[in-house]
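Report on the following structure.
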Amino acid sequence: MQPQKIIIDTDPGQDDAVAILLALASPEEIEVLGLTCVAGNVPLDLTSKNARIVCELAGKTNVKVFAGCDRPMGRDLVTAEHVHGKTGLDGPNLPDPTMPLIPGHAVDFIIDTIRDHAPGVITLCPLGPLTNIATAFEKAPDIVKRVKKIVLMGGGYFEGGNITPTAEFNIYVDPQAADIVFKSGVPIVVMPLDVTHKALVTKPRNDAFRALSTRVGTAVAQMTDFFERFDKEKYGSEGAPLHDPCVTAYLINPDLFTGRHINVEIETQSELTMGMTVADWWRVTDRTPNATFMGDIDADGFFALLTERLARL
Ligand code: RIB
Ligand code: CA
């Protein structure tokens, strides 16, 4: 099978970093055409710096990295330094990047790349707020039908929210963008908190990263050591939830996940539930299904795959 041609849209973030590393370590299944950075966990100048730090950590300095939107489509930016630290990549002490950003806007890279490939070739993998994706769809409606699929991390149903009682961070930051994407008609696979909260970096799993005795293994162990504080304190979790790597793992082995094809709509009006993914998991409405919403993960299989692939870098 030919590797899947993907664009990773990202707001690194330690978990984004692990998702990017897993993708870069898996050339048989994934060809990363570029990283498009968006404001989210931390402001754009830091997410676009962190994306390059991760590429250099992986020894993949030929990856194209673009800066994209620095704020949501219609709301003030909300960031998550309380989770990811001031730099967005707290934990390991990694050197500043030397590889440059590619000139040009990330949204134009998304548009041009989709136009330059046959319909049904490009997969979009958003790991942060959906601002870049939605802006590209609004600016160039012709590309929407050309997208093969979107595999994103965002939302929650049984788990509720992690930034408000009802909203997950990526969707909450830019609900207008999420609404555009979920109504676009592009096939969507959703990795919600319902799944990512089952992908916890327990101590044995963190020890396995460290036992790789490589720069990447040690850095990932340090990232998840830092990143787990928020969830341990809030949820009493046994470790950091690896939200974004679920997207990459799905591309490599979709059988690690189970879910349902259901209707998912985004709350964009009520401040009380702003950014909620209203998932019709029990199919109690006649709304048309528009997303494959994942509900479960083979966590041991996920971590075995992740650790084996990280060992390659
Ligand atoms: O809610 C978790 C998501 O928000 C993850 O993608 C994390 O990196 C942040 O972007
Ligand atoms: Ca992210």
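We label chains A, B, ... in the order they appear in the structure tokens, count residues from 1 in each chain, and number ligands from 1 in the order shown.
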Give one line per residue of segment 83-118 of chain A that approaches segment 10-15 of chain A to at most 7 Å, naming the two atoms of the closest pair and their distance in Å to one decimal, counting only C-alpha atoms; sort by chain then ascending residue number and deliver it as a tab-separated table.
```
residue	atom	partner	partner_atom	distance
A:His84	CA	A:Gly13	CA	6.0
A:Gly88	CA	A:Gly13	CA	5.1
A:Leu89	CA	A:Gln14	CA	5.4
```
Selection file, C-alpha atoms, as a PDB file, in the first residue's frame:
```
ATOM      1  CA  HIS A  84       1.721  22.555  28.434  1.00  0.00           C
ATOM      2  CA  GLY A  88       4.231  24.760  25.116  1.00  0.00           C
ATOM      3  CA  LEU A  89       6.903  22.066  25.101  1.00  0.00           C
TER       4      LEU A  89
END
```
Can you tell me which residues sit at most 6 Å away from ligand 1, counting only C-alpha atoms and all ligand atoms, written as an MDAnalysis selection string? chainID A and resid 11 13 15:16 41 127:128 153 168:170 243:244
Residue nearest ligand 2 - candidates A:Leu212, A:Leu77, A:Ile102, A:Val173, atoms counted: only C-alpha atoms and all ligand atoms: A:Val173
Could you give me, as a PyMOL selection string, each residue of segment 110-225 of chain A that DSSP assigns to helix (DSSP H, G or I) when run on this structure's backbone? chain A and resi 110-116+131-139+141-146+169-173+175-182+193-196+203-210+215-225
In Å to one decimal, how far is atom CA of Leu310 of chain A from atom CA of Cys55 of chain A?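 Interatomic distance, atom CA of Cys55 of chain A to atom CA of Leu310 of chain A: 13.1 Å.
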With distances taken over only C-alpha atoms, which of A:Leu313, A:Gly156, A:Ile180, A:Asp207 is nearest to Gly295 of chain A?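 Once distances to Gly295 of chain A are computed over only C-alpha atoms, the minimum belongs to A:Gly156.
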Give the strand (DSSP E or B) residues of segment 20-139 of chain A, as DSSP finds them on the backbone, and put them as a ChimeraX atom specification. /A:30-37,65-67,105,122-126
Got time to write the residues from that selection, N, CA and C atoms, as a PDB file, in the first residue's frame?
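File written: out_36.pdb
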```pdb
ATOM      1  N   ILE A  30       2.929   6.582   6.164  1.00  0.00           N
ATOM      2  CA  ILE A  30       2.622   8.020   6.173  1.00  0.00           C
ATOM      3  C   ILE A  30       3.700   8.840   5.466  1.00  0.00           C
ATOM      4  N   GLU A  31       3.253   9.690   4.533  1.00  0.00           N
ATOM      5  CA  GLU A  31       4.167  10.687   3.947  1.00  0.00           C
ATOM      6  C   GLU A  31       3.710  12.067   4.428  1.00  0.00           C
ATOM      7  N   VAL A  32       4.502  12.685   5.274  1.00  0.00           N
ATOM      8  CA  VAL A  32       4.126  13.993   5.811  1.00  0.00           C
ATOM      9  C   VAL A  32       4.518  15.070   4.790  1.00  0.00           C
ATOM     10  N   LEU A  33       3.528  15.660   4.132  1.00  0.00           N
ATOM     11  CA  LEU A  33       3.819  16.680   3.113  1.00  0.00           C
ATOM     12  C   LEU A  33       4.173  18.020   3.759  1.00  0.00           C
ATOM     13  N   GLY A  34       3.721  18.205   4.979  1.00  0.00           N
ATOM     14  CA  GLY A  34       4.061  19.448   5.672  1.00  0.00           C
ATOM     15  C   GLY A  34       3.343  19.543   7.007  1.00  0.00           C
ATOM     16  N   LEU A  35       3.883  20.414   7.851  1.00  0.00           N
ATOM     17  CA  LEU A  35       3.239  20.737   9.119  1.00  0.00           C
ATOM     18  C   LEU A  35       2.714  22.154   9.005  1.00  0.00           C
ATOM     19  N   THR A  36       1.424  22.355   9.296  1.00  0.00           N
ATOM     20  CA  THR A  36       0.857  23.708   9.297  1.00  0.00           C
ATOM     21  C   THR A  36       0.509  24.045  10.740  1.00  0.00           C
ATOM     22  N   CYS A  37       1.081  25.136  11.210  1.00  0.00           N
ATOM     23  CA  CYS A  37       0.954  25.474  12.632  1.00  0.00           C
ATOM     24  C   CYS A  37      -0.163  26.478  12.858  1.00  0.00           C
ATOM     25  N   VAL A  65       7.588  23.336   7.268  1.00  0.00           N
ATOM     26  CA  VAL A  65       6.793  23.829   8.387  1.00  0.00           C
ATOM     27  C   VAL A  65       6.313  25.249   8.067  1.00  0.00           C
ATOM     28  N   PHE A  66       5.010  25.462   8.170  1.00  0.00           N
ATOM     29  CA  PHE A  66       4.407  26.758   7.857  1.00  0.00           C
ATOM     30  C   PHE A  66       3.695  27.331   9.079  1.00  0.00           C
ATOM     31  N   ALA A  67       3.715  28.622   9.201  1.00  0.00           N
ATOM     32  CA  ALA A  67       2.902  29.305  10.217  1.00  0.00           C
ATOM     33  C   ALA A  67       1.551  29.648   9.600  1.00  0.00           C
ATOM     34  N   HIS A 105       1.816  31.462   3.892  1.00  0.00           N
ATOM     35  CA  HIS A 105       0.853  31.154   4.945  1.00  0.00           C
ATOM     36  C   HIS A 105       0.445  29.679   4.883  1.00  0.00           C
ATOM     37  N   ILE A 122      -5.223  13.596  -0.538  1.00  0.00           N
ATOM     38  CA  ILE A 122      -4.694  14.259   0.659  1.00  0.00           C
ATOM     39  C   ILE A 122      -5.587  14.025   1.885  1.00  0.00           C
ATOM     40  N   THR A 123      -4.934  13.579   2.962  1.00  0.00           N
ATOM     41  CA  THR A 123      -5.605  13.450   4.262  1.00  0.00           C
ATOM     42  C   THR A 123      -5.140  14.600   5.151  1.00  0.00           C
ATOM     43  N   LEU A 124      -6.095  15.278   5.786  1.00  0.00           N
ATOM     44  CA  LEU A 124      -5.761  16.360   6.720  1.00  0.00           C
ATOM     45  C   LEU A 124      -5.852  15.828   8.145  1.00  0.00           C
ATOM     46  N   CYS A 125      -4.819  16.128   8.944  1.00  0.00           N
ATOM     47  CA  CYS A 125      -4.762  15.624  10.331  1.00  0.00           C
ATOM     48  C   CYS A 125      -4.622  16.793  11.301  1.00  0.00           C
ATOM     49  N   PRO A 126      -5.766  17.425  11.633  1.00  0.00           N
ATOM     50  CA  PRO A 126      -5.712  18.526  12.603  1.00  0.00           C
ATOM     51  C   PRO A 126      -5.558  18.026  14.030  1.00  0.00           C
TER      52      PRO A 126
END
```
Shell around segment 191-206 of chain A at 6 Å using only C-alpha atoms, local window under 2 positions removed, as a ChimeraX atom specification: /A:153-156,159,208-209,221,238-243,294-296,299
I need the residue nearest Ile7 of chain A from this list: A:Asp70, A:Asp112, A:Asp280, A:Glu265. Use only C-alpha atoms for the distance. A:Asp112
Selection: 9 Å around Arg215 of chain A, only C-alpha atoms, excl. self and same-chain fewer than 2 positions, as a PyMOL selection string: chain A and resi 57-58+212-213+217-220+313
Ranking A:Met1, A:Thr47, A:Phe109, A:Thr164 by minimum distance to ligand 2 and counting only C-alpha atoms and all ligand atoms, which one comes first?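 Using only C-alpha atoms and all ligand atoms, the shortest distance to ligand 2 belongs to A:Thr47.
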